[in-house]
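Next comes final-v9.cif, with mmCIF, C-alpha atoms.
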```
data_entry
loop_
_atom_site.label_atom_id
_atom_site.label_comp_id
_atom_site.auth_asym_id
_atom_site.auth_seq_id
_atom_site.Cartn_x
_atom_site.Cartn_y
_atom_site.Cartn_z
CA MET A 847 -87.95 93.67 -49.14
CA GLU A 848 -89.33 95.52 -52.14
CA SER A 849 -88.37 98.83 -50.49
CA PHE A 850 -84.80 97.57 -50.28
CA TYR A 851 -84.82 96.81 -53.99
CA ALA A 852 -86.26 100.27 -54.68
CA THR A 853 -83.62 101.97 -52.52
CA LYS A 854 -80.78 100.15 -54.25
CA LEU A 855 -82.27 100.94 -57.63
CA ASP A 856 -82.49 104.63 -56.72
CA GLU A 857 -78.85 104.63 -55.54
CA PHE A 858 -77.85 103.11 -58.85
CA ALA A 859 -79.94 105.60 -60.84
CA LYS A 860 -78.28 108.49 -58.95
CA GLY A 861 -74.82 107.08 -59.56
CA LYS A 862 -74.17 106.34 -55.88
CA ILE A 863 -73.42 102.68 -56.57
CA SER A 864 -72.08 100.91 -59.62
CA ARG A 865 -74.01 98.46 -61.72
CA ARG A 866 -71.87 95.64 -60.30
CA MET A 867 -72.65 96.71 -56.72
CA LEU A 868 -76.36 96.84 -57.53
CA LEU A 869 -76.26 93.37 -59.00
CA GLU A 870 -74.38 91.94 -56.00
CA ALA A 871 -76.64 93.64 -53.46
CA LEU A 872 -79.82 92.40 -55.12
CA THR A 873 -78.51 88.87 -55.57
CA VAL A 874 -77.41 88.57 -51.95
CA ALA A 875 -80.67 90.08 -50.70
CA ALA A 876 -82.83 87.79 -52.82
CA THR A 877 -81.04 84.59 -51.91
CA THR A 878 -80.70 85.48 -48.21
CA THR A 879 -84.36 86.38 -47.96
CA ALA A 880 -85.31 83.08 -49.53
CA ALA A 881 -83.18 81.14 -47.05
CA THR A 882 -84.49 83.11 -44.08
CA THR A 883 -88.09 82.65 -45.15
CA ALA A 884 -87.65 78.90 -45.41
CA THR A 885 -85.94 78.65 -42.03
CA THR A 886 -88.55 80.79 -40.31
CA SER A 887 -91.39 78.70 -41.70
CA ALA A 888 -89.74 75.49 -40.56
CA SER A 889 -89.09 76.84 -37.07
CA ALA A 890 -92.65 78.03 -36.64
CA ALA A 891 -93.99 74.67 -37.72
CA GLN A 892 -91.69 72.76 -35.39
CA ALA A 893 -92.68 74.89 -32.42
CA SER A 894 -96.26 73.65 -32.60
CA ASP A 895 -95.55 70.05 -33.55
CA PRO A 896 -97.36 67.41 -31.55
CA ALA A 897 -95.74 63.96 -31.51
CA LEU A 898 -97.82 62.75 -34.44
CA LYS A 899 -97.68 65.80 -36.67
CA VAL A 900 -96.82 64.63 -40.17
CA GLN A 901 -94.34 66.57 -42.25
CA LEU A 902 -94.54 65.01 -45.69
CA VAL A 903 -95.60 61.90 -47.54
CA ASN A 904 -92.82 59.42 -46.91
CA HIS A 905 -93.87 56.91 -49.52
CA ILE A 906 -96.76 55.69 -51.56
CA SER A 907 -97.09 51.92 -51.66
CA TYR A 908 -98.26 51.02 -55.16
CA ASN A 909 -99.12 47.40 -55.82
CA CYS A 910 -99.60 45.95 -59.31
CA PRO A 911 -99.12 42.70 -61.24
CA GLU A 912 -95.69 43.64 -62.72
CA PHE A 913 -93.75 46.07 -60.57
CA LYS A 914 -90.94 46.48 -63.10
CA LYS A 915 -93.32 47.53 -65.85
CA ALA A 916 -94.93 50.16 -63.61
CA ALA A 917 -91.57 51.34 -62.26
CA ASP A 918 -90.22 51.80 -65.78
CA TRP A 919 -93.27 53.88 -66.69
CA TYR A 920 -92.75 56.21 -63.70
CA SER A 921 -89.01 56.37 -64.35
CA LYS A 922 -89.66 57.37 -67.95
CA VAL A 923 -92.34 59.96 -67.28
CA PHE A 924 -90.89 61.53 -64.12
CA ASN A 925 -87.16 60.93 -64.48
CA LEU A 926 -87.06 58.84 -61.33
CA GLU A 927 -84.24 56.48 -60.41
CA GLN A 928 -85.02 52.99 -59.14
CA VAL A 929 -83.18 52.12 -55.94
CA GLY A 930 -83.13 49.17 -53.54
CA THR A 931 -84.72 46.86 -56.11
CA THR A 932 -85.64 43.37 -54.88
CA LYS A 933 -87.48 40.47 -56.51
CA ILE A 934 -90.83 41.98 -55.62
CA ASP A 935 -90.38 45.73 -55.42
CA THR A 936 -88.35 48.84 -56.06
CA ALA A 937 -88.28 52.40 -54.71
CA LEU A 938 -88.39 55.56 -56.79
CA PRO A 939 -87.38 58.55 -54.69
CA PHE A 940 -88.23 62.06 -55.86
CA GLY A 941 -84.64 63.25 -56.04
CA LYS A 942 -81.07 62.12 -55.67
CA LYS A 943 -79.40 60.69 -52.61
CA GLY A 944 -78.46 63.48 -50.21
CA GLU A 945 -81.02 65.94 -51.55
CA LYS A 946 -83.77 67.37 -49.40
CA PRO A 947 -87.41 67.19 -50.43
CA PHE A 948 -88.69 70.19 -52.37
CA GLY A 949 -89.56 72.97 -49.92
CA VAL A 950 -88.27 71.15 -46.83
CA THR A 951 -85.45 72.44 -44.64
CA ALA A 952 -85.54 69.89 -41.81
CA ASN A 953 -82.74 67.34 -41.86
CA ASP A 954 -84.83 64.37 -40.78
CA VAL A 955 -87.46 64.40 -43.51
CA PRO A 956 -86.36 62.10 -46.34
CA LEU A 957 -87.30 62.45 -49.98
CA SER A 958 -90.79 61.17 -50.72
CA SER A 959 -90.79 58.06 -52.84
CA LEU A 960 -92.97 55.66 -54.71
CA ILE A 961 -92.51 52.07 -53.66
CA ILE A 962 -93.79 49.90 -56.46
CA ARG A 963 -94.54 46.33 -55.54
CA SER A 964 -95.99 43.08 -56.77
CA ARG A 965 -97.22 41.20 -53.73
CA ASP A 966 -100.26 39.30 -52.58
CA LEU A 967 -102.16 41.70 -50.38
CA ASN A 968 -104.37 38.88 -49.12
CA ALA A 969 -101.49 36.69 -48.01
CA PRO A 970 -101.49 35.88 -44.29
CA PRO A 971 -99.06 38.14 -42.44
CA GLN A 972 -95.63 36.71 -41.71
CA GLY A 973 -95.34 35.57 -38.13
CA GLY A 974 -99.10 35.49 -37.61
CA GLY A 975 -101.10 38.48 -36.52
CA GLU A 976 -104.16 40.13 -37.95
CA ALA A 977 -104.87 39.69 -41.67
CA ARG A 978 -104.99 42.85 -43.76
CA ARG A 979 -108.36 44.52 -43.38
CA LYS A 980 -110.51 45.19 -46.40
CA SER A 981 -110.60 48.95 -46.73
CA ARG A 982 -113.74 50.94 -47.51
CA ALA A 983 -111.59 53.79 -48.74
CA VAL A 984 -109.51 53.93 -51.87
CA ILE A 985 -106.75 56.18 -53.16
CA GLU A 986 -108.28 56.70 -56.57
CA HIS A 987 -105.61 58.94 -58.00
CA MET A 988 -102.26 60.45 -57.14
CA GLY A 989 -101.10 63.97 -57.93
CA TYR A 990 -97.44 64.75 -58.58
CA THR A 991 -95.74 68.14 -58.78
CA VAL A 992 -93.40 68.75 -61.68
CA ALA A 993 -91.09 71.69 -62.38
CA ASP A 994 -91.97 74.36 -64.91
CA PHE A 995 -95.39 72.92 -65.62
CA ASP A 996 -97.03 74.26 -68.76
CA ARG A 997 -100.21 72.40 -69.55
CA GLU A 998 -100.17 72.67 -73.32
CA LYS A 999 -96.49 71.83 -73.58
CA ALA A 1000 -96.97 68.97 -71.13
CA LYS A 1001 -99.69 67.46 -73.32
CA VAL A 1002 -97.32 67.38 -76.25
CA ASP A 1003 -94.47 65.97 -74.16
CA LEU A 1004 -96.66 63.27 -72.63
CA LYS A 1005 -97.96 62.15 -75.98
CA ALA A 1006 -94.38 62.03 -77.28
CA LEU A 1007 -93.57 59.75 -74.35
CA GLY A 1008 -96.42 57.46 -75.35
CA VAL A 1009 -98.55 58.24 -72.32
CA GLU A 1010 -102.21 57.33 -72.74
CA ASN A 1011 -105.48 59.06 -71.93
CA VAL A 1012 -103.98 62.52 -71.36
CA ARG A 1013 -106.73 64.97 -70.46
CA ASP A 1014 -107.27 68.30 -68.71
CA GLY A 1015 -107.86 68.28 -64.98
CA GLY A 1016 -109.16 71.37 -63.24
CA LEU A 1017 -107.47 74.68 -63.95
CA TYR A 1018 -103.87 73.78 -63.36
CA SER A 1019 -103.25 70.16 -64.17
CA LEU A 1020 -103.43 67.15 -66.46
CA HIS A 1021 -104.59 63.62 -65.85
CA MET A 1022 -103.36 60.47 -67.58
CA THR A 1023 -103.30 56.75 -67.00
CA ASP A 1024 -100.17 54.83 -66.11
CA ALA A 1025 -99.03 51.40 -67.33
CA PHE A 1026 -101.77 49.68 -65.32
CA GLY A 1027 -104.58 52.12 -66.01
CA TYR A 1028 -104.10 53.96 -62.71
CA ASP A 1029 -105.14 57.63 -62.74
CA VAL A 1030 -102.16 59.98 -62.43
CA GLN A 1031 -102.37 63.76 -62.20
CA ILE A 1032 -99.52 66.19 -62.80
CA SER A 1033 -99.30 69.89 -62.12
CA GLY A 1034 -96.98 72.63 -60.99
CA VAL A 1035 -97.09 74.23 -57.56
CA ALA A 1036 -100.08 76.30 -58.73
CA ASN A 1037 -102.19 73.26 -57.96
CA ASN A 1038 -102.07 73.10 -54.19
CA ALA A 1039 -104.24 72.75 -51.10
CA LEU A 1040 -105.45 76.33 -51.44
CA THR A 1041 -106.35 76.23 -55.13
CA ASP A 1042 -107.49 72.64 -55.65
CA GLY A 1043 -111.26 72.52 -55.27
CA ALA A 1044 -111.38 76.24 -54.43
CA MET B 614 -80.32 84.14 -59.92
CA GLU B 615 -77.53 86.59 -60.72
CA LYS B 616 -78.10 86.13 -64.46
CA PHE B 617 -81.80 86.78 -64.01
CA ILE B 618 -81.20 89.95 -61.99
CA ASP B 619 -78.61 91.11 -64.52
CA LYS B 620 -81.26 90.75 -67.22
CA LEU B 621 -83.73 92.74 -65.12
CA ILE B 622 -81.22 95.55 -64.66
CA ARG B 623 -80.63 95.65 -68.40
CA GLN B 624 -84.36 95.92 -69.00
CA PHE B 625 -84.55 98.70 -66.42
CA GLU B 626 -81.66 100.53 -68.05
CA SER B 627 -83.25 100.28 -71.49
CA GLY B 628 -86.56 101.54 -70.16
CA ALA B 629 -88.34 98.29 -70.92
CA LEU B 630 -89.04 97.86 -67.22
CA GLY B 631 -90.20 100.59 -64.84
CA ARG B 632 -89.03 100.99 -61.24
CA ARG B 633 -92.21 99.45 -59.85
CA GLU B 634 -92.16 96.49 -62.25
CA PHE B 635 -88.52 95.94 -61.47
CA CYS B 636 -89.24 95.65 -57.73
CA GLN B 637 -92.17 93.34 -58.37
CA MET B 638 -90.07 91.09 -60.57
CA MET B 639 -87.42 90.96 -57.86
CA GLY B 640 -90.07 89.86 -55.38
CA ILE B 641 -91.24 87.10 -57.70
CA ALA B 642 -87.68 86.00 -58.38
CA THR B 643 -87.02 85.72 -54.65
CA ALA B 644 -90.12 83.58 -54.17
CA ILE B 645 -89.16 81.28 -57.05
CA TYR B 646 -85.64 80.98 -55.68
CA ALA B 647 -87.06 80.02 -52.28
CA ALA B 648 -89.18 77.34 -53.93
CA GLY B 649 -86.21 75.73 -55.59
CA GLY B 650 -85.86 77.77 -58.77
CA PRO B 651 -86.54 76.78 -62.33
CA GLU B 652 -82.84 76.49 -63.16
CA ALA B 653 -82.29 74.03 -60.34
CA ASN B 654 -85.41 72.11 -61.24
CA ALA B 655 -85.07 71.85 -64.98
CA ALA B 656 -85.29 68.32 -66.31
CA PRO B 657 -82.65 66.93 -68.63
CA ALA B 658 -83.80 67.60 -72.20
CA GLY B 659 -85.99 64.93 -73.74
CA ARG B 660 -86.22 62.78 -70.64
CA GLY B 661 -89.69 63.27 -69.27
CA PHE B 662 -90.60 65.63 -66.47
CA LYS B 663 -88.65 66.75 -63.44
CA ALA B 664 -90.84 65.49 -60.63
CA LEU B 665 -90.50 67.60 -57.50
CA GLY B 666 -92.56 65.32 -55.30
CA ILE B 667 -96.03 64.34 -54.25
CA ASN B 668 -98.66 67.01 -54.85
CA HIS B 669 -101.66 65.29 -53.32
CA VAL B 670 -103.25 61.99 -52.45
CA SER B 671 -106.87 61.64 -53.52
CA TYR B 672 -108.71 59.58 -50.92
CA MET B 673 -112.28 58.49 -51.61
CA CYS B 674 -114.42 57.15 -48.78
CA PRO B 675 -118.08 56.83 -47.75
CA ASP B 676 -118.00 59.89 -45.44
CA TYR B 677 -115.30 62.50 -45.99
CA THR B 678 -116.06 64.24 -42.69
CA LYS B 679 -114.91 61.20 -40.72
CA ALA B 680 -111.69 61.02 -42.68
CA ARG B 681 -111.21 64.79 -42.39
CA ASP B 682 -111.62 64.69 -38.63
CA PHE B 683 -109.37 61.68 -38.23
CA TYR B 684 -106.43 62.98 -40.27
CA SER B 685 -106.63 66.50 -38.93
CA SER B 686 -106.93 65.53 -35.28
CA MET B 687 -104.51 62.61 -35.46
CA PHE B 688 -101.75 63.92 -37.67
CA GLY B 689 -102.13 67.68 -37.44
CA MET B 690 -103.20 68.17 -41.04
CA ARG B 691 -104.78 71.57 -41.71
CA VAL B 692 -108.31 71.60 -43.14
CA VAL B 693 -108.59 73.78 -46.26
CA ASN B 694 -111.35 74.32 -48.81
CA ASP B 695 -114.03 72.44 -46.93
CA LYS B 696 -117.27 73.90 -48.26
CA GLY B 697 -119.45 71.12 -46.97
CA MET B 698 -119.75 69.82 -50.52
CA GLY B 699 -118.37 66.35 -49.99
CA ARG B 700 -114.65 67.09 -50.01
CA ALA B 701 -111.88 68.85 -48.13
CA ASN B 702 -108.16 69.34 -48.54
CA LEU B 703 -105.88 68.47 -45.65
CA ALA B 704 -102.59 70.33 -45.94
CA PHE B 705 -99.31 69.40 -44.32
CA GLY B 706 -95.59 70.00 -44.70
CA PRO B 707 -94.22 73.11 -46.40
CA GLU B 708 -96.54 75.95 -47.42
CA PRO B 709 -99.11 74.88 -50.04
CA ASP B 710 -97.40 76.63 -52.97
CA LYS B 711 -93.89 75.75 -51.83
CA GLY B 712 -93.87 71.99 -51.85
CA GLY B 713 -96.60 71.26 -49.31
CA ASN B 714 -98.54 68.02 -49.66
CA PHE B 715 -102.24 67.58 -49.19
CA LEU B 716 -104.70 64.79 -48.78
CA VAL B 717 -107.98 65.29 -50.63
CA VAL B 718 -110.66 63.44 -48.69
CA HIS B 719 -113.88 63.12 -50.64
CA ASN B 720 -117.10 61.22 -50.97
CA PRO B 721 -117.68 59.11 -54.07
CA GLY B 722 -118.76 61.15 -57.08
CA ALA B 723 -121.47 60.41 -59.57
CA ASN B 724 -119.00 58.50 -61.74
CA PRO B 725 -117.05 56.01 -59.66
CA PRO B 726 -113.48 55.35 -60.83
CA LYS B 727 -112.93 52.35 -63.05
CA PRO B 728 -111.26 49.42 -61.32
CA THR B 729 -107.60 49.10 -62.24
CA GLN B 730 -104.93 46.44 -61.85
CA ALA B 731 -102.97 48.76 -59.57
CA VAL B 732 -103.82 49.83 -56.05
CA ILE B 733 -102.24 52.16 -53.52
CA ASP B 734 -102.39 49.82 -50.56
CA HIS B 735 -101.00 52.23 -47.98
CA VAL B 736 -99.55 55.67 -47.55
CA CYS B 737 -96.64 56.36 -45.21
CA TYR B 738 -96.12 59.80 -43.68
CA THR B 739 -92.89 61.12 -42.20
CA ILE B 740 -92.83 62.44 -38.67
CA SER B 741 -89.95 64.77 -37.88
CA ASN B 742 -88.19 64.68 -34.50
CA TRP B 743 -89.52 61.18 -33.94
CA ASP B 744 -89.63 60.20 -30.28
CA GLU B 745 -90.63 56.55 -29.97
CA GLY B 746 -92.10 56.90 -26.50
CA LYS B 747 -94.07 60.01 -27.33
CA VAL B 748 -95.32 58.65 -30.63
CA ARG B 749 -96.54 55.42 -29.06
CA ALA B 750 -98.09 57.29 -26.13
CA ALA B 751 -99.87 59.66 -28.50
CA LEU B 752 -101.22 56.74 -30.52
CA LYS B 753 -102.40 55.05 -27.34
CA ALA B 754 -104.17 58.21 -26.24
CA LYS B 755 -106.04 58.12 -29.55
CA GLY B 756 -107.11 54.53 -28.94
CA PHE B 757 -104.37 52.76 -30.88
CA ASP B 758 -102.95 50.52 -28.19
CA LYS B 759 -101.19 48.08 -30.47
CA PRO B 760 -99.92 49.60 -33.68
CA THR B 761 -98.18 47.06 -35.89
CA GLY B 762 -94.73 47.50 -37.39
CA ARG B 763 -91.51 48.24 -35.57
CA ASP B 764 -89.83 51.08 -33.74
CA GLY B 765 -89.60 54.04 -36.08
CA SER B 766 -92.21 52.63 -38.46
CA LEU B 767 -95.75 51.96 -37.29
CA HIS B 768 -99.05 51.06 -38.93
CA VAL B 769 -102.61 51.83 -37.85
CA TYR B 770 -105.96 51.69 -39.63
CA ASP B 771 -108.03 54.81 -40.22
CA PRO B 772 -111.84 54.91 -39.72
CA PHE B 773 -112.36 53.21 -43.08
CA ASP B 774 -109.77 50.50 -42.43
CA TYR B 775 -107.29 52.10 -44.75
CA ASP B 776 -103.72 51.20 -43.82
CA VAL B 777 -101.79 54.25 -42.61
CA GLN B 778 -98.10 54.13 -41.86
CA ILE B 779 -96.00 56.68 -40.01
CA GLY B 780 -92.24 56.57 -39.94
CA ASN B 781 -89.04 58.40 -39.24
CA ALA B 782 -86.14 59.23 -41.53
CA VAL B 783 -84.04 56.30 -40.36
CA GLN B 784 -86.52 53.45 -40.72
CA GLU B 785 -88.36 54.78 -43.75
CA ASN B 786 -85.87 56.05 -46.29
CA ALA B 787 -85.73 54.81 -49.88
CA PHE B 788 -81.95 54.95 -49.89
CA ARG B 789 -81.67 52.76 -46.82
CA ARG B 790 -83.81 49.89 -48.07
CA GLY B 791 -82.15 46.59 -47.35
CA ALA B 792 -79.50 48.30 -45.22
#
```

Show me the file's structure as structure tokens.
Amino acid sequence: MESFYATKLDEFAKGKISRRMLLEALTVAATTTAATTATTSASAAQASDPALKVQLVNHISYNCPEFKKAADWYSKVFNLEQVGTTKIDTALPFGKKGEKPFGVTANDVPLSSLIIRSRDLNAPPQGGGEARRKSRAVIEHMGYTVADFDREKAKVDLKALGVENVRDGGLYSLHMTDAFGYDVQISGVANNALTDGA
Amino acid sequence: MEKFIDKLIRQFESGALGRREFCQMMGIATAIYAAGGPEANAAPAGRGFKALGINHVSYMCPDYTKARDFYSSMFGMRVVNDKGMGRANLAFGPEPDKGGNFLVVHNPGANPPKPTQAVIDHVCYTISNWDEGKVRAALKAKGFDKPTGRDGSLHVYDPFDYDVQIGNAVQENAFRRGA
């Protein structure tokens, strides 16, 4: 694609095309390439999908003593709407209704969301059945991707929002604690499976 | 995008940007556009951050290799950055730097996390092109004869008895709760 940009630039420099034509050609090329790249990636992934291949986190089930307090914290820090609120829980999707998840082109992958609840995890299951097992694993922190992440600016912004225990995390991120002391990490896309722990 | 390219052309015209730099900047701009674009992702001023989604889930367990093998063989997650040092990343979804999620499976460190009042009691993953028969058959083949839940939304336990949910876009969609 860079050779296309170079060719168009040369044509412009030699007076073969106008400035307007150059601008239009580059804009169309850039946006079309982006769309094609996304579609190709999705197609390749689908071709090798087994029945259980996961595409994205659907939701994180977060349980705490006061779901509204936690939900308000996440709404404030991450600009998330609260939808489908009941007496014991609410959902905070990462986007607006009708939007696709960041980076996803498939039509049947919904926005990831946080479901924040206040429920008794030791209560016997409704309708009988096996009681919840006691897990030997724990999700000890969650990482969220934010747009235009700049660590130093983010520190200032988080402190202005009243967020506690803001501290550096690795090369590309920040950690903090939420309304219930839970460890939350934020970063841009620079923190990803290839760079984290590399 | 057009405004950005217009600015690049102006810089090229003024000599501030060479031919090579111009082409490189165009390549970067295309990649950013593909990833959503800063203009599209900008948060409203003074209202916290614009969250794009989940980055990763940090999963601590007694033996990360068991978790690694389970999640990669069961759910097709791709093992990345496993140096045999007690942790691995398991990538899934879009490309890692374009919205992909990952599960960090790791052994406990020297400083265990402080107990908190909040807990992530389960994680649900979306499966695209959900086929109820195939999903249940695949679970059965892996030894999960009786997943709990309902059609389109099933629960199993992983090797450390952590609750794992899988679902499709119809049954597990924040905007359809209570529908």

Within 12 Å of region 1005-1014 of chain A, counting all atoms listed in the file, which residues show up once you throw out same-chain ones fewer than 5 positions away? Write them as a PyMOL selection string, please. (chain A and resi 919-925+996-1000+1019-1033) or (chain B and resi 659-662)

Pick from B:Gly666, B:Gly699, B:Pro760, B:Gly631: nearest to chain A, with all atoms listed in the file counted? B:Gly666

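What separates CA of Gly944 (chain A) from CA of His905 (chain A) is a distance of 16.8 Å.
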
Do you have the CA of Asn694 (chain B)-CA of Lys727 (chain B) distance handy? 26.2 Å

Please indicate the distance in Å from CA of Ala731 (chain B) to CA of Ala977 (chain A), rounded to one decimal place. 20.2 Å

Which protein, DNA or RNA residues are at most 12 Å from (-98.2, 66.6, -31.5) in the file's coordinates when you count all atoms listed in the file, listed as a CSV table (one decimal) with C-alpha atoms, keeping the file's coordinate frame?
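Resulting contents of out_12.csv:
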```csv
chain,number,residue,atom,x,y,z
A,891,ALA,CA,-94.0,74.7,-37.7
A,892,GLN,CA,-91.7,72.8,-35.4
A,893,ALA,CA,-92.7,74.9,-32.4
A,894,SER,CA,-96.3,73.6,-32.6
A,895,ASP,CA,-95.6,70.0,-33.6
A,896,PRO,CA,-97.4,67.4,-31.6
A,897,ALA,CA,-95.7,64.0,-31.5
A,898,LEU,CA,-97.8,62.8,-34.4
A,899,LYS,CA,-97.7,65.8,-36.7
A,900,VAL,CA,-96.8,64.6,-40.2
A,901,GLN,CA,-94.3,66.6,-42.2
B,685,SER,CA,-106.6,66.5,-38.9
B,686,SER,CA,-106.9,65.5,-35.3
B,687,MET,CA,-104.5,62.6,-35.5
B,688,PHE,CA,-101.8,63.9,-37.7
B,689,GLY,CA,-102.1,67.7,-37.4
B,690,MET,CA,-103.2,68.2,-41.0
B,740,ILE,CA,-92.8,62.4,-38.7
B,741,SER,CA,-90.0,64.8,-37.9
B,742,ASN,CA,-88.2,64.7,-34.5
B,743,TRP,CA,-89.5,61.2,-33.9
B,744,ASP,CA,-89.6,60.2,-30.3
B,747,LYS,CA,-94.1,60.0,-27.3
B,748,VAL,CA,-95.3,58.6,-30.6
B,749,ARG,CA,-96.5,55.4,-29.1
B,750,ALA,CA,-98.1,57.3,-26.1
B,751,ALA,CA,-99.9,59.7,-28.5
B,752,LEU,CA,-101.2,56.7,-30.5
B,754,ALA,CA,-104.2,58.2,-26.2
B,755,LYS,CA,-106.0,58.1,-29.6
```

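If only C-alpha atoms are the atoms counted, then among B:Asp758, B:Leu703, B:Asp734, B:Gly713 the closest residue to Gln778 (chain B) is B:Asp734.
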
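The residue set within 8 Å of Glu615 (chain B), counting all atoms listed in the file and dropping same-chain residues fewer than 2 places from it, reads Leu869, Glu870 and Thr873 of chain A; Phe617, Ile618 and Asp619 of chain B.
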
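Non-sequential neighbours of Glu785 (chain B) (distance at most 9 Å, separation of 4 or more positions within a chain, all atoms listed in the file) are Asn904, His905 and Pro956 of chain A; Cys737, Thr739, Gly765, Ser766, Ile779, Gly780, Asn781, Arg789 and Arg790 of chain B.
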
Judged by all atoms listed in the file, the minimum distance to chain B among A:Leu1004, A:Ala917, A:Ala983, A:Ile934 is found for A:Ala983

Matched chain/residue IDs from the PyMOL selection byres ((chain A and resi 949) around 6), as a ChimeraX atom specification: /A:948,950 /B:648,707,711-712

Mind telling me what the PyMOL selection byres ((chain A and resi 1037) around 10) catches here, as a PDB file with C-alpha atoms, in the frame of the given file?
```
ATOM      1  CA  GLY A 989    -101.100  63.970 -57.930  1.00  0.00           C
ATOM      2  CA  TYR A 990     -97.440  64.750 -58.580  1.00  0.00           C
ATOM      3  CA  THR A 991     -95.740  68.140 -58.780  1.00  0.00           C
ATOM      4  CA  GLY A1016    -109.160  71.370 -63.240  1.00  0.00           C
ATOM      5  CA  LEU A1017    -107.470  74.680 -63.950  1.00  0.00           C
ATOM      6  CA  TYR A1018    -103.870  73.780 -63.360  1.00  0.00           C
ATOM      7  CA  SER A1019    -103.250  70.160 -64.170  1.00  0.00           C
ATOM      8  CA  ILE A1032     -99.520  66.190 -62.800  1.00  0.00           C
ATOM      9  CA  SER A1033     -99.300  69.890 -62.120  1.00  0.00           C
ATOM     10  CA  GLY A1034     -96.980  72.630 -60.990  1.00  0.00           C
ATOM     11  CA  VAL A1035     -97.090  74.230 -57.560  1.00  0.00           C
ATOM     12  CA  ALA A1036    -100.080  76.300 -58.730  1.00  0.00           C
ATOM     13  CA  ASN A1038    -102.070  73.100 -54.190  1.00  0.00           C
ATOM     14  CA  ALA A1039    -104.240  72.750 -51.100  1.00  0.00           C
ATOM     15  CA  LEU A1040    -105.450  76.330 -51.440  1.00  0.00           C
ATOM     16  CA  THR A1041    -106.350  76.230 -55.130  1.00  0.00           C
ATOM     17  CA  ASP A1042    -107.490  72.640 -55.650  1.00  0.00           C
ATOM     18  CA  GLY A1043    -111.260  72.520 -55.270  1.00  0.00           C
TER      19      GLY A1043
ATOM     20  CA  ASN B 668     -98.660  67.010 -54.850  1.00  0.00           C
ATOM     21  CA  HIS B 669    -101.660  65.290 -53.320  1.00  0.00           C
ATOM     22  CA  PRO B 709     -99.110  74.880 -50.040  1.00  0.00           C
ATOM     23  CA  ASP B 710     -97.400  76.630 -52.970  1.00  0.00           C
TER      24      ASP B 710
END
```

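Against the coordinates shown, the PyMOL selection byres ((chain A and resi 932) around 12) returns A:Phe913, A:Lys914, A:Gln928, A:Val929, A:Gly930, A:Thr931, A:Lys933, A:Ile934, A:Asp935, A:Thr936, A:Ala937, A:Ile961, A:Ile962, A:Arg963, A:Ser964, A:Arg965, B:Arg790, B:Gly791.
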
Generate the coordinates of N, CA and C atoms for region 914-926 of chain A; report them as a PDB file, keeping the file's coordinate frame.
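Final output, selection22.pdb:
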```pdb
ATOM      1  N   LYS A 914     -91.992  45.914 -62.240  1.00  0.00           N
ATOM      2  CA  LYS A 914     -90.940  46.480 -63.100  1.00  0.00           C
ATOM      3  C   LYS A 914     -91.549  47.311 -64.229  1.00  0.00           C
ATOM      4  N   LYS A 915     -92.660  46.810 -64.759  1.00  0.00           N
ATOM      5  CA  LYS A 915     -93.320  47.530 -65.850  1.00  0.00           C
ATOM      6  C   LYS A 915     -93.823  48.895 -65.353  1.00  0.00           C
ATOM      7  N   ALA A 916     -94.435  48.894 -64.185  1.00  0.00           N
ATOM      8  CA  ALA A 916     -94.930  50.160 -63.610  1.00  0.00           C
ATOM      9  C   ALA A 916     -93.761  51.082 -63.276  1.00  0.00           C
ATOM     10  N   ALA A 917     -92.719  50.518 -62.663  1.00  0.00           N
ATOM     11  CA  ALA A 917     -91.570  51.340 -62.260  1.00  0.00           C
ATOM     12  C   ALA A 917     -90.920  51.996 -63.487  1.00  0.00           C
ATOM     13  N   ASP A 918     -90.832  51.235 -64.569  1.00  0.00           N
ATOM     14  CA  ASP A 918     -90.220  51.800 -65.780  1.00  0.00           C
ATOM     15  C   ASP A 918     -91.078  52.941 -66.346  1.00  0.00           C
ATOM     16  N   TRP A 919     -92.384  52.801 -66.217  1.00  0.00           N
ATOM     17  CA  TRP A 919     -93.270  53.880 -66.690  1.00  0.00           C
ATOM     18  C   TRP A 919     -93.013  55.154 -65.872  1.00  0.00           C
ATOM     19  N   TYR A 920     -92.965  55.023 -64.552  1.00  0.00           N
ATOM     20  CA  TYR A 920     -92.750  56.210 -63.700  1.00  0.00           C
ATOM     21  C   TYR A 920     -91.335  56.772 -63.882  1.00  0.00           C
ATOM     22  N   SER A 921     -90.378  55.890 -64.101  1.00  0.00           N
ATOM     23  CA  SER A 921     -89.010  56.370 -64.350  1.00  0.00           C
ATOM     24  C   SER A 921     -88.961  57.192 -65.633  1.00  0.00           C
ATOM     25  N   LYS A 922     -89.668  56.693 -66.647  1.00  0.00           N
ATOM     26  CA  LYS A 922     -89.660  57.370 -67.950  1.00  0.00           C
ATOM     27  C   LYS A 922     -90.368  58.729 -67.888  1.00  0.00           C
ATOM     28  N   VAL A 923     -91.534  58.735 -67.275  1.00  0.00           N
ATOM     29  CA  VAL A 923     -92.340  59.960 -67.280  1.00  0.00           C
ATOM     30  C   VAL A 923     -91.790  61.012 -66.317  1.00  0.00           C
ATOM     31  N   PHE A 924     -91.296  60.574 -65.157  1.00  0.00           N
ATOM     32  CA  PHE A 924     -90.890  61.530 -64.120  1.00  0.00           C
ATOM     33  C   PHE A 924     -89.389  61.568 -63.859  1.00  0.00           C
ATOM     34  N   ASN A 925     -88.611  60.899 -64.699  1.00  0.00           N
ATOM     35  CA  ASN A 925     -87.160  60.930 -64.480  1.00  0.00           C
ATOM     36  C   ASN A 925     -86.760  60.420 -63.104  1.00  0.00           C
ATOM     37  N   LEU A 926     -87.360  59.337 -62.669  1.00  0.00           N
ATOM     38  CA  LEU A 926     -87.060  58.840 -61.330  1.00  0.00           C
ATOM     39  C   LEU A 926     -86.124  57.629 -61.394  1.00  0.00           C
TER      40      LEU A 926
END
```
